[in-house]
>>> print(open('input-v7.cif').read())   # mmCIF, C-alpha atoms
data_input
loop_
_atom_site.label_atom_id
_atom_site.label_comp_id
_atom_site.auth_asym_id
_atom_site.auth_seq_id
_atom_site.Cartn_x
_atom_site.Cartn_y
_atom_site.Cartn_z
CA MET A 455 0.00 0.00 0.00
CA ASN A 456 1.21 3.42 -0.95
CA THR A 457 0.38 6.20 1.51
CA VAL A 458 1.05 9.84 0.74
CA ILE A 459 1.14 12.82 3.08
CA ILE A 460 0.42 16.05 1.24
CA GLN A 461 3.36 18.41 1.69
CA TYR A 462 2.58 22.05 2.27
CA ASN A 463 3.36 24.58 4.99
CA ALA A 464 1.63 22.54 7.68
CA GLY A 465 3.25 22.19 11.07
CA ASN A 466 2.57 18.57 11.90
CA ILE A 467 3.86 16.63 8.89
CA GLN A 468 6.74 15.02 10.80
CA SER A 469 4.46 13.95 13.63
CA VAL A 470 2.07 12.29 11.17
CA LEU A 471 4.98 10.62 9.39
CA TYR A 472 6.37 9.24 12.66
CA ALA A 473 2.92 8.08 13.82
CA LEU A 474 2.59 6.09 10.57
CA GLU A 475 6.10 4.68 11.11
CA ARG A 476 5.05 3.44 14.54
CA LEU A 477 2.29 1.52 12.74
CA GLY A 478 4.83 0.07 10.34
CA VAL A 479 3.85 2.31 7.39
CA GLN A 480 6.45 4.24 5.42
CA ALA A 481 4.60 7.19 3.90
CA LEU A 482 5.79 9.51 1.15
CA VAL A 483 5.64 13.26 1.81
CA THR A 484 5.02 15.07 -1.47
CA ASP A 485 3.24 17.97 -3.19
CA ASP A 486 3.48 16.26 -6.58
CA VAL A 487 -0.03 16.13 -8.06
CA GLU A 488 0.53 12.90 -9.96
CA LEU A 489 2.00 11.04 -6.96
CA ILE A 490 -0.90 12.23 -4.81
CA GLN A 491 -3.46 11.11 -7.38
CA LYS A 492 -1.85 7.66 -7.71
CA ALA A 493 -1.58 6.96 -3.95
CA ASP A 494 -3.76 4.33 -2.24
CA LYS A 495 -4.30 6.57 0.79
CA VAL A 496 -3.85 10.31 1.14
CA ILE A 497 -3.33 12.16 4.42
CA PHE A 498 -3.86 15.92 4.40
CA PRO A 499 -2.34 17.26 7.63
CA GLY A 500 -2.47 20.77 8.93
CA VAL A 501 -1.45 23.16 11.64
CA GLY A 502 -1.51 26.85 10.90
CA GLU A 503 -3.76 29.53 9.45
CA ALA A 504 -6.44 28.87 6.82
CA SER A 505 -5.86 31.66 4.25
CA THR A 506 -2.07 31.15 4.19
CA ALA A 507 -2.55 27.40 3.77
CA MET A 508 -5.10 27.87 0.93
CA HIS A 509 -2.74 30.31 -0.77
CA TYR A 510 0.04 27.74 -0.58
CA LEU A 511 -2.21 25.01 -2.02
CA LYS A 512 -3.22 27.35 -4.88
CA GLU A 513 0.40 28.07 -5.75
CA ARG A 514 0.95 24.36 -6.23
CA GLY A 515 -2.34 23.72 -8.02
CA LEU A 516 -3.46 21.45 -5.17
CA ASP A 517 -6.65 23.51 -4.61
CA LYS A 518 -8.05 21.90 -7.77
CA VAL A 519 -6.86 18.37 -6.97
CA ILE A 520 -7.63 17.39 -3.39
CA GLN A 521 -11.45 17.58 -3.62
CA HIS A 522 -11.46 15.33 -6.70
CA LEU A 523 -9.37 12.50 -5.26
CA LYS A 524 -10.98 9.06 -5.46
CA GLN A 525 -9.02 7.11 -2.84
CA PRO A 526 -9.58 7.44 0.94
CA VAL A 527 -8.42 10.89 2.12
CA LEU A 528 -7.93 11.88 5.76
CA GLY A 529 -7.75 15.57 6.66
CA ILE A 530 -6.29 16.37 10.08
CA CYS A 531 -7.04 19.55 12.06
CA LEU A 532 -6.58 22.46 9.63
CA GLY A 533 -6.56 19.83 6.86
CA MET A 534 -10.13 18.92 7.82
CA GLN A 535 -11.16 22.59 8.04
CA LEU A 536 -9.73 23.28 4.59
CA MET A 537 -11.91 20.46 3.23
CA CYS A 538 -15.00 22.41 4.35
CA THR A 539 -16.68 25.07 2.20
CA TYR A 540 -15.71 28.18 4.08
CA SER A 541 -13.70 29.27 7.12
CA GLU A 542 -14.24 32.41 9.14
CA GLU A 543 -10.48 32.46 9.68
CA ASN A 544 -9.52 35.43 7.49
CA ASP A 545 -12.69 34.95 5.44
CA THR A 546 -11.31 31.99 3.48
CA THR A 547 -13.02 30.01 0.74
CA CYS A 548 -11.93 26.40 1.17
CA LEU A 549 -12.04 23.19 -0.88
CA GLY A 550 -15.76 22.49 -0.51
CA VAL A 551 -15.82 18.75 0.19
CA PHE A 552 -17.92 19.16 3.34
CA GLU A 553 -20.72 21.75 3.39
CA GLU A 554 -20.12 22.42 7.10
CA GLN A 555 -18.87 25.92 7.91
CA VAL A 556 -15.79 26.63 10.00
CA LYS A 557 -16.39 29.22 12.72
CA LEU A 558 -14.44 30.92 15.48
CA PHE A 559 -15.09 29.71 19.05
CA LYS A 560 -16.83 32.48 20.97
CA PRO A 561 -16.28 31.97 24.71
CA SER A 562 -19.43 32.24 26.81
CA ASP A 563 -17.38 33.57 29.73
CA ALA A 564 -13.85 34.72 30.46
CA SER A 565 -12.81 31.41 32.06
CA ILE A 566 -13.07 29.60 28.71
CA LYS A 567 -9.84 29.71 26.73
CA VAL A 568 -9.57 29.96 22.96
CA PRO A 569 -7.93 28.10 21.32
CA GLN A 570 -9.03 24.88 22.94
CA ILE A 571 -5.84 23.06 23.93
CA GLY A 572 -5.87 19.59 25.42
CA TRP A 573 -7.72 16.30 25.63
CA ASN A 574 -11.47 16.16 25.05
CA ASN A 575 -14.05 13.42 24.42
CA ILE A 576 -15.30 12.29 21.03
CA GLY A 577 -18.82 10.83 20.97
CA GLN A 578 -21.70 9.73 18.70
CA LEU A 579 -19.03 7.93 16.68
CA LYS A 580 -19.97 6.70 13.22
CA THR A 581 -18.26 4.89 10.32
CA ASP A 582 -15.36 2.43 10.27
CA LEU A 583 -12.94 5.25 11.08
CA PHE A 584 -13.92 4.70 14.72
CA LYS A 585 -14.12 0.91 14.65
CA GLY A 586 -13.08 -0.41 18.06
CA VAL A 587 -12.89 3.12 19.51
CA ALA A 588 -15.03 3.51 22.65
CA GLU A 589 -17.65 6.27 22.87
CA ASN A 590 -16.25 9.30 24.72
CA SER A 591 -12.63 8.31 24.16
CA PHE A 592 -10.16 11.15 24.64
CA THR A 593 -8.22 12.73 21.79
CA TYR A 594 -5.87 15.73 21.68
CA PHE A 595 -7.14 19.03 20.25
CA VAL A 596 -5.49 22.37 19.46
CA HIS A 597 -7.83 24.73 17.61
CA GLY A 598 -9.51 28.11 17.76
CA TYR A 599 -11.95 27.44 14.91
CA TYR A 600 -14.44 24.56 14.66
CA ALA A 601 -16.66 22.92 12.07
CA ALA A 602 -20.34 23.21 12.94
CA LEU A 603 -22.55 20.13 13.26
CA GLY A 604 -24.04 18.97 9.98
CA ALA A 605 -25.04 16.12 7.72
CA HIS A 606 -21.45 14.84 7.50
CA THR A 607 -20.70 14.81 11.23
CA ILE A 608 -19.35 11.42 12.34
CA ALA A 609 -18.02 12.48 15.78
CA THR A 610 -19.17 15.17 18.16
CA THR A 611 -17.21 17.05 20.82
CA GLN A 612 -18.39 19.59 23.37
CA TYR A 613 -16.49 22.86 23.80
CA ILE A 614 -18.63 25.96 24.37
CA GLN A 615 -21.16 24.09 22.17
CA PRO A 616 -21.25 20.71 20.44
CA TYR A 617 -19.32 20.70 17.16
CA SER A 618 -18.00 18.28 14.53
CA SER A 619 -14.83 16.59 15.72
CA ALA A 620 -14.91 14.39 12.61
CA LEU A 621 -16.59 14.58 9.20
CA HIS A 622 -17.18 12.04 6.42
CA LYS A 623 -18.44 12.21 2.86
CA ASP A 624 -17.82 9.51 0.26
CA ASN A 625 -14.06 8.77 0.31
CA PHE A 626 -13.25 11.85 2.40
CA TYR A 627 -12.68 11.80 6.16
CA GLY A 628 -11.64 14.66 8.39
CA VAL A 629 -10.73 14.81 12.07
CA GLN A 630 -10.38 18.01 14.08
CA PHE A 631 -8.20 16.37 16.72
CA HIS A 632 -4.65 15.12 16.22
CA PRO A 633 -4.72 11.31 15.98
CA GLU A 634 -0.92 11.38 15.61
CA LYS A 635 -0.73 12.82 19.14
CA SER A 636 -3.67 11.01 20.73
CA ALA A 637 -1.89 8.02 22.26
CA LYS A 638 -3.42 4.55 21.61
CA VAL A 639 -6.84 5.90 20.61
CA GLY A 640 -5.21 8.00 17.90
CA GLU A 641 -3.19 5.03 16.66
CA GLN A 642 -6.38 2.98 16.38
CA ILE A 643 -8.04 5.73 14.30
CA ILE A 644 -5.06 6.02 11.94
CA GLN A 645 -4.96 2.23 11.59
CA ASN A 646 -8.71 2.21 10.86
CA PHE A 647 -8.19 4.81 8.14
CA LEU A 648 -5.41 2.71 6.60
CA ASN A 649 -7.79 -0.29 6.65
CA ILE A 650 -10.55 1.52 4.74
CA SER A 651 -10.72 0.31 1.15
CA MET B 103 -15.28 17.83 28.28
CA LEU B 104 -11.85 19.42 28.05
CA THR B 105 -9.70 17.88 30.77
CA LYS B 106 -7.02 19.22 33.08
CA ARG B 107 -3.57 18.10 32.00
CA ILE B 108 -0.83 16.36 34.00
CA ILE B 109 2.59 17.13 32.56
CA PRO B 110 5.82 15.50 33.70
CA CYS B 111 8.82 17.72 33.05
CA LEU B 112 12.17 16.25 32.08
CA ASP B 113 15.19 18.49 32.53
CA ILE B 114 17.88 17.46 30.07
CA LYS B 115 21.62 17.84 30.44
CA ASP B 116 23.99 16.09 28.03
CA GLY B 117 21.15 13.91 26.80
CA ARG B 118 20.16 12.71 30.26
CA THR B 119 17.27 13.66 32.55
CA VAL B 120 18.14 15.64 35.65
CA LYS B 121 16.18 17.62 38.20
CA GLY B 122 17.52 20.59 40.12
CA ILE B 123 16.24 20.93 43.63
CA ASN B 124 15.69 24.66 44.02
CA PHE B 125 17.52 25.00 40.69
CA GLU B 126 20.88 24.09 42.27
CA GLN B 127 21.44 20.47 43.27
CA ILE B 128 21.17 18.10 40.37
CA ARG B 129 20.53 14.35 40.33
CA ASP B 130 20.38 11.93 37.41
CA ALA B 131 16.90 10.52 36.90
CA GLY B 132 17.30 8.53 33.71
CA ASP B 133 17.13 8.33 29.96
CA PRO B 134 14.75 10.96 28.54
CA ILE B 135 13.36 8.82 25.71
CA GLU B 136 12.60 5.81 27.87
CA LEU B 137 11.31 7.94 30.69
CA GLY B 138 9.12 9.96 28.29
CA ALA B 139 7.68 6.81 26.74
CA PHE B 140 7.03 5.40 30.21
CA TYR B 141 5.10 8.55 31.21
CA ALA B 142 3.10 8.49 27.96
CA GLU B 143 2.18 4.86 28.70
CA GLN B 144 1.23 5.81 32.26
CA GLY B 145 -1.25 8.41 31.03
CA ALA B 146 0.72 11.67 31.04
CA ASP B 147 -1.21 14.18 28.93
CA GLU B 148 1.85 15.96 27.56
CA LEU B 149 5.57 16.09 28.22
CA VAL B 150 7.96 19.01 28.60
CA PHE B 151 11.68 18.63 27.89
CA LEU B 152 13.84 21.50 29.12
CA ASP B 153 17.46 21.57 28.03
CA ILE B 154 19.21 23.26 30.94
CA THR B 155 22.64 23.40 29.32
CA ALA B 156 21.52 24.58 25.93
CA THR B 157 24.81 25.85 24.59
CA ILE B 158 25.37 26.34 20.88
CA GLU B 159 27.60 23.24 20.61
CA LYS B 160 24.87 21.11 22.18
CA ARG B 161 22.13 22.36 19.84
CA LYS B 162 22.62 19.48 17.42
CA THR B 163 22.50 16.98 20.28
CA LEU B 164 19.18 18.41 21.38
CA SER B 165 17.59 18.27 17.92
CA GLU B 166 18.74 14.65 17.54
CA LEU B 167 17.24 13.81 20.90
CA VAL B 168 13.98 15.56 19.94
CA ASN B 169 13.88 13.52 16.77
CA LYS B 170 14.24 10.27 18.74
CA ILE B 171 11.57 11.36 21.19
CA ALA B 172 9.18 12.24 18.35
CA HIS B 173 9.65 8.81 16.80
CA LYS B 174 8.87 7.06 20.04
CA ILE B 175 6.22 9.13 21.82
CA ASN B 176 2.54 9.35 20.80
CA ILE B 177 1.49 12.36 22.91
CA PRO B 178 2.33 16.06 22.48
CA PHE B 179 5.59 17.44 23.81
CA THR B 180 7.20 20.82 24.32
CA VAL B 181 10.92 21.55 24.10
CA GLY B 182 12.63 24.50 25.79
CA GLY B 183 16.03 25.81 26.73
CA GLY B 184 18.12 28.48 25.07
CA ILE B 185 15.76 29.03 22.12
CA LYS B 186 16.44 32.43 20.52
CA SER B 187 15.97 32.41 16.77
CA GLU B 188 13.46 31.31 14.15
CA GLU B 189 16.05 28.77 13.06
CA ASP B 190 16.20 27.25 16.56
CA VAL B 191 12.41 26.86 16.51
CA SER B 192 12.28 25.57 12.98
CA VAL B 193 14.85 22.83 13.67
CA LEU B 194 12.99 21.63 16.77
CA LEU B 195 9.57 21.64 15.07
CA GLN B 196 10.96 19.89 12.00
CA ASN B 197 12.37 17.20 14.27
CA GLY B 198 8.90 16.61 15.68
CA ALA B 199 8.47 18.89 18.71
CA ASP B 200 4.87 20.11 19.01
CA LYS B 201 5.61 23.29 20.92
CA ILE B 202 8.63 25.27 22.01
CA ALA B 203 9.08 27.09 25.30
CA ILE B 204 10.86 30.44 25.47
CA ASN B 205 11.91 32.37 28.54
CA THR B 206 14.92 34.73 28.82
CA ALA B 207 15.27 35.46 25.10
CA ALA B 208 11.60 36.51 24.92
CA PHE B 209 12.02 38.83 27.89
CA LEU B 210 15.15 40.46 26.48
CA ASP B 211 13.49 40.91 23.08
CA PRO B 212 9.69 40.64 23.27
CA THR B 213 9.39 40.82 19.47
CA THR B 214 10.68 37.22 19.62
CA ILE B 215 7.18 36.25 20.71
CA SER B 216 5.35 38.04 17.91
CA ARG B 217 7.79 36.75 15.30
CA PHE B 218 7.49 33.15 16.51
CA ALA B 219 3.71 33.42 16.74
CA LYS B 220 3.47 34.79 13.21
CA ASN B 221 5.86 32.24 11.68
CA PHE B 222 4.89 29.11 13.56
CA GLY B 223 1.49 29.87 15.11
CA SER B 224 0.63 30.83 18.69
CA GLN B 225 -0.37 27.24 19.43
CA CYS B 226 3.27 26.18 19.50
CA VAL B 227 4.68 29.13 21.47
CA VAL B 228 4.80 28.54 25.23
CA LEU B 229 6.14 31.30 27.46
CA ALA B 230 7.96 29.99 30.51
CA ILE B 231 8.11 32.42 33.41
CA ASP B 232 10.30 31.86 36.47
CA ALA B 233 8.51 33.79 39.19
CA LYS B 234 9.57 34.70 42.71
CA CYS B 235 7.55 36.34 45.44
CA GLU B 236 9.72 38.92 47.19
CA ALA B 237 9.55 40.49 50.63
CA ASP B 238 7.16 43.18 49.29
CA ASN B 239 4.73 40.30 48.57
CA LYS B 240 4.87 40.94 44.82
CA TRP B 241 5.78 38.36 42.16
CA TYR B 242 8.80 39.26 40.00
CA VAL B 243 10.11 37.75 36.77
CA TYR B 244 13.52 36.05 37.00
CA LEU B 245 15.74 35.17 34.05
CA ASN B 246 18.61 32.82 33.21
CA GLY B 247 17.20 29.80 35.02
CA GLY B 248 16.30 31.84 38.08
CA ARG B 249 19.70 33.49 38.55
CA THR B 250 18.84 37.03 37.41
CA LYS B 251 16.17 39.18 39.04
CA THR B 252 14.21 41.73 37.01
CA ASP B 253 11.95 44.58 38.16
CA LYS B 254 9.10 43.31 36.02
CA LEU B 255 5.97 42.02 37.72
CA VAL B 256 4.83 38.57 36.57
CA THR B 257 1.28 39.78 35.92
CA ASP B 258 2.51 42.60 33.66
CA TRP B 259 4.89 40.39 31.69
CA ALA B 260 2.30 37.63 31.24
CA LYS B 261 -0.28 40.12 29.92
CA GLU B 262 2.23 41.69 27.55
CA ALA B 263 3.31 38.28 26.24
CA VAL B 264 -0.28 37.20 25.61
CA ASP B 265 -0.87 40.39 23.63
CA LEU B 266 2.24 39.55 21.59
CA GLY B 267 0.87 36.09 20.81
CA VAL B 268 2.01 33.38 23.23
CA GLY B 269 -0.33 30.39 23.19
CA GLU B 270 0.26 29.11 26.73
CA ILE B 271 2.09 30.17 29.88
CA LEU B 272 4.21 27.83 31.97
CA LEU B 273 4.48 29.52 35.36
CA THR B 274 7.13 28.22 37.75
CA SER B 275 7.19 29.50 41.30
CA MET B 276 10.80 29.59 42.48
CA ASN B 277 9.55 29.89 46.06
CA HIS B 278 7.77 26.56 45.72
CA ASP B 279 9.97 24.66 43.26
CA GLY B 280 11.56 21.61 44.86
CA THR B 281 9.76 22.08 48.19
CA LYS B 282 6.92 19.57 47.64
CA GLN B 283 4.77 21.87 49.78
CA GLY B 284 2.17 22.66 47.12
CA PHE B 285 1.85 24.98 44.11
CA ALA B 286 1.72 28.79 44.23
CA LEU B 287 -2.07 29.03 44.16
CA ASP B 288 -2.52 32.81 44.34
CA ILE B 289 -0.37 33.89 41.40
CA THR B 290 -1.53 30.90 39.32
CA ALA B 291 -5.19 31.82 39.88
CA GLN B 292 -4.46 35.46 39.18
CA LEU B 293 -3.05 34.63 35.75
CA ALA B 294 -5.59 31.91 34.97
CA GLU B 295 -8.55 34.16 35.77
CA THR B 296 -7.35 37.18 33.81
CA LEU B 297 -5.64 35.75 30.72
CA PRO B 298 -7.28 34.07 27.72
CA VAL B 299 -4.57 31.39 27.34
CA PRO B 300 -4.04 28.17 29.34
CA ILE B 301 -1.82 28.37 32.42
CA ILE B 302 0.46 25.47 33.28
CA ALA B 303 1.36 25.60 36.98
CA SER B 304 4.79 24.39 38.03
CA GLY B 305 6.79 24.15 41.23
CA GLY B 306 5.86 22.58 44.55
CA GLY B 307 3.62 19.66 43.59
CA GLY B 308 4.33 17.05 46.28
CA ASN B 309 1.16 15.05 46.69
CA GLU B 310 -2.31 14.40 45.21
CA GLN B 311 -3.96 17.13 47.25
CA HIS B 312 -1.56 19.74 45.85
CA PHE B 313 -2.68 18.90 42.32
CA LEU B 314 -6.34 19.04 43.33
CA ASP B 315 -5.73 22.46 44.91
CA VAL B 316 -3.94 23.88 41.87
CA PHE B 317 -6.87 22.89 39.62
CA THR B 318 -9.62 24.07 41.97
CA LYS B 319 -8.16 27.01 43.90
CA GLY B 320 -5.35 27.80 41.46
CA LYS B 321 -7.65 27.50 38.39
CA ALA B 322 -4.73 26.04 36.43
CA ASP B 323 -5.39 24.33 33.09
CA ALA B 324 -2.44 22.00 33.54
CA ALA B 325 0.02 21.07 36.27
CA LEU B 326 3.65 20.20 35.74
CA ALA B 327 6.00 18.31 38.04
CA ALA B 328 9.29 16.49 37.80
CA SER B 329 10.98 14.87 40.79
CA ILE B 330 7.87 13.39 42.39
CA PHE B 331 7.27 11.49 39.15
CA HIS B 332 10.92 10.68 38.45
CA TYR B 333 11.52 9.25 41.92
CA LYS B 334 8.18 7.38 41.86
CA GLU B 335 6.85 9.26 44.89
CA LEU B 336 3.59 9.76 43.02
CA ALA B 337 2.42 7.53 40.16
CA ILE B 338 0.48 9.28 37.37
CA PRO B 339 -2.33 6.64 37.21
CA ASP B 340 -2.94 6.97 40.98
CA LEU B 341 -2.88 10.76 40.76
CA LYS B 342 -5.37 10.76 37.89
CA GLN B 343 -7.70 8.30 39.65
CA PHE B 344 -7.65 10.52 42.72
CA LEU B 345 -8.43 13.69 40.74
CA ASN B 346 -11.20 11.92 38.86
CA LYS B 347 -12.81 10.81 42.15
CA GLN B 348 -12.62 14.41 43.36
CA GLY B 349 -14.66 15.53 40.34
CA ILE B 350 -11.86 16.99 38.23
CA ALA B 351 -12.23 16.43 34.47
CA ILE B 352 -9.29 14.19 33.70
CA ARG B 353 -8.31 11.74 30.95
CA LEU B 354 -8.19 8.20 32.34
#
>>> encode(input="input-v7.cif", output="structure tokens")
Amino acid sequence: MNTVIIQYNAGNIQSVLYALERLGVQALVTDDVELIQKADKVIFPGVGEASTAMHYLKERGLDKVIQHLKQPVLGICLGMQLMCTYSEENDTTCLGVFEEQVKLFKPSDASIKVPQIGWNNIGQLKTDLFKGVAENSFTYFVHGYYAALGAHTIATTQYIQPYSSALHKDNFYGVQFHPEKSAKVGEQIIQNFLNIS
Amino acid sequence: MLTKRIIPCLDIKDGRTVKGINFEQIRDAGDPIELGAFYAEQGADELVFLDITATIEKRKTLSELVNKIAHKINIPFTVGGGIKSEEDVSVLLQNGADKIAINTAAFLDPTTISRFAKNFGSQCVVLAIDAKCEADNKWYVYLNGGRTKTDKLVTDWAKEAVDLGVGEILLTSMNHDGTKQGFALDITAQLAETLPVPIIASGGGGNEQHFLDVFTKGKADAALAASIFHYKELAIPDLKQFLNKQGIAIRL
């Protein structure tokens, strides 16, 4: 199996690469359109700011490629947000795989910190991405923007309000949390993604 | 529900873990990679690695160590010690660190914070503050591993740093560090209640009750400790079970 990690100015590429290595998978990190299109599995990581990331994807022509991929694709954190239609972060038009909108967390009182940093539960789990993962398992989050609940929600997390901690449509999956940093639960989710055919 | 975090801290010197008692005495407490992996297995929520002899010659050693840690460990970790430039940060992040901690360099040139936040994102910029309560009952910022006093109040510096873009604050009370008599609850709560970023409390954690207090009375988002974990005086699973029973949101 040939697994590709899309290379762009995302902060967590190494962590994703090493997490795959721990599962015995040697992934290729590339921004080459042809190699991405030919891969069996594509991982679209992301840490950073939405408009800068979209700009970078446009420069490499990837903004016209990712949403048309046919093989299983997993977007992580900003990667998932960029697969939505629109992000409030610097008013950014995104790739449009998921219709859900990405919004800024608005704290209900001063004790609530934004961004959310730390371990939170994922619940109402759907699809094989969460096979063998217990309801309300903990995963690691770092984000100031969130995808609203919608038709493609396959995991829900509560922070200020319930939101989509994972999305799914056709061959596309997205997770808001960092499976590569979420201990055994995260490893299970990455393995499940690799098992999806 | 977002949980409170328990963070073991590993001080690194020449590739080995050490812990200074009151920043002076130093004892060897093991191999950082094995120890880090052990803590991750035990349920630590994050790890912090502080290189306390971060000289230029040792920089390469540190990045190699970070790379080995990143290969082995499946939870987030922060690396600090002597970080000054964008290149320092870039090397550590590229080797797999999730966050970097800055202290003296940020104080001497606060634009360091805004530059790092802009280039790497606030989420990976942790400001470490060494704080000491003086005879006037005010908390002052100390630099250079606690050796140099400044006239700056901790509350002022923390606020300034948040405005410049730090994503988290790691607050160490020098009065409490190494004492095992409990965390500095007042200054921790003061920062946690007034600033929009998470506060990691450090210094003085000696038993389960101290951790409970720093989360309830100190309002901390995370608590960091070193020697009590290294010398097995308190096991992370027991600590987390205790906190959970006391009604603290914790990852079990």
>>> resolve_selection(input="input-v7.cif", expression="the PyMOL selection byres ((chain A) within 7 of (chain B))", output="PDB file with C-alpha atoms, in the frame of the given file")
ATOM      1  CA  GLN A 468       6.740  15.020  10.800  1.00  0.00           C
ATOM      2  CA  SER A 469       4.460  13.950  13.630  1.00  0.00           C
ATOM      3  CA  TYR A 472       6.370   9.240  12.660  1.00  0.00           C
ATOM      4  CA  GLY A 502      -1.510  26.850  10.900  1.00  0.00           C
ATOM      5  CA  SER A 565     -12.810  31.410  32.060  1.00  0.00           C
ATOM      6  CA  LYS A 567      -9.840  29.710  26.730  1.00  0.00           C
ATOM      7  CA  VAL A 568      -9.570  29.960  22.960  1.00  0.00           C
ATOM      8  CA  GLY A 572      -5.870  19.590  25.420  1.00  0.00           C
ATOM      9  CA  TRP A 573      -7.720  16.300  25.630  1.00  0.00           C
ATOM     10  CA  ASN A 574     -11.470  16.160  25.050  1.00  0.00           C
ATOM     11  CA  ASN A 575     -14.050  13.420  24.420  1.00  0.00           C
ATOM     12  CA  PHE A 592     -10.160  11.150  24.640  1.00  0.00           C
ATOM     13  CA  GLN A 612     -18.390  19.590  23.370  1.00  0.00           C
ATOM     14  CA  TYR A 613     -16.490  22.860  23.800  1.00  0.00           C
ATOM     15  CA  GLU A 634      -0.920  11.380  15.610  1.00  0.00           C
ATOM     16  CA  LYS A 635      -0.730  12.820  19.140  1.00  0.00           C
ATOM     17  CA  SER A 636      -3.670  11.010  20.730  1.00  0.00           C
ATOM     18  CA  ALA A 637      -1.890   8.020  22.260  1.00  0.00           C
TER      19      ALA A 637
END
>>> resolve_selection(input="input-v7.cif", expression="the PyMOL selection byres ((chain A and resi 594-603) around 9)", output="MDAnalysis selection string")
(chainID A and resid 501 531:532 534:535 538 541:543 554:559 568:575 592:593 604:607 610 616:621 630:637 640) or (chainID B and resid 147 177:178 225)
>>> resolve_selection(input="input-v7.cif", expression="the PyMOL selection byres ((chain A and resi 645-651) around 9)", output="mmCIF file with C-alpha atoms, keeping the file's coordinate frame")
data_model
loop_
_atom_site.group_PDB
_atom_site.id
_atom_site.type_symbol
_atom_site.label_atom_id
_atom_site.label_comp_id
_atom_site.auth_asym_id
_atom_site.auth_seq_id
_atom_site.Cartn_x
_atom_site.Cartn_y
_atom_site.Cartn_z
ATOM 1 C CA MET A 455 0.000 0.000 0.000
ATOM 2 C CA THR A 457 0.380 6.200 1.510
ATOM 3 C CA LEU A 474 2.590 6.090 10.570
ATOM 4 C CA LEU A 477 2.290 1.520 12.740
ATOM 5 C CA ASP A 494 -3.760 4.330 -2.240
ATOM 6 C CA LYS A 495 -4.300 6.570 0.790
ATOM 7 C CA GLN A 525 -9.020 7.110 -2.840
ATOM 8 C CA PRO A 526 -9.580 7.440 0.940
ATOM 9 C CA VAL A 527 -8.420 10.890 2.120
ATOM 10 C CA LEU A 528 -7.930 11.880 5.760
ATOM 11 C CA ASP A 582 -15.360 2.430 10.270
ATOM 12 C CA LEU A 583 -12.940 5.250 11.080
ATOM 13 C CA PHE A 584 -13.920 4.700 14.720
ATOM 14 C CA LYS A 585 -14.120 0.910 14.650
ATOM 15 C CA GLY A 586 -13.080 -0.410 18.060
ATOM 16 C CA TYR A 627 -12.680 11.800 6.160
ATOM 17 C CA GLY A 640 -5.210 8.000 17.900
ATOM 18 C CA GLU A 641 -3.190 5.030 16.660
ATOM 19 C CA GLN A 642 -6.380 2.980 16.380
ATOM 20 C CA ILE A 643 -8.040 5.730 14.300
ATOM 21 C CA ILE A 644 -5.060 6.020 11.940
#
>>> atom_distance(input="input-v7.cif", atom1="CA of Glu189 (chain B)", atom2="CA of Asp153 (chain B)")
16.7 Å
>>> residues_around(input="input-v7.cif", residues="Ala286 (chain B)", least_positions_apart="6", cutoff="9 Å", atoms="only C-alpha atoms", output="ChimeraX atom specification")
/B:274-275,277-278,303-306,316,320
>>> closest_residue(input="input-v7.cif", among="A:Val487, A:Val496, A:Val587, A:Val479", to="Gly529 (chain A)", atoms="all atoms listed in the file")
A:Val496
>>> atom_distance(input="input-v7.cif", atom1="CA of Gly182 (chain B)", atom2="CA of Asn239 (chain B)")
28.8 Å
>>> atom_distance(input="input-v7.cif", atom1="CA of Leu523 (chain A)", atom2="CA of Val629 (chain A)")
17.5 Å
>>> residues_around(input="input-v7.cif", residues="region 250-264 of chain B", least_positions_apart="2", cutoff="8 Å", atoms="only C-alpha atoms", output="ChimeraX atom specification")
/B:212,215,229,231,233,240-248,266-269,271,292-293,297-299
>>> closest_residue(input="input-v7.cif", among="B:Ala208, B:Leu164, B:Ala219, B:Cys111", to="Thr180 (chain B)", atoms="all atoms listed in the file")
B:Cys111
>>> residues_around(input="input-v7.cif", residues="Gly284 (chain B)", least_positions_apart="2", cutoff="6 Å", atoms="only C-alpha atoms", output="VMD selection string")
chain B and resid 282 306 to 307 312
>>> closest_residue(input="input-v7.cif", among="A:Glu589, A:Gln521, A:Pro499, A:Lys580", to="Ile608 (chain A)", atoms="all atoms listed in the file")
A:Lys580
>>> residues_around(input="input-v7.cif", residues="Met508 (chain A)", least_positions_apart="2", cutoff="8 Å", atoms="all atoms listed in the file", output="ChimeraX atom specification")
/A:504-506,510-512,517,536,546,548
>>> closest_residue(input="input-v7.cif", among="B:Thr213, B:Thr119, B:Gln144, B:Ser187", to="Leu341 (chain B)", atoms="only C-alpha atoms")
B:Gln144
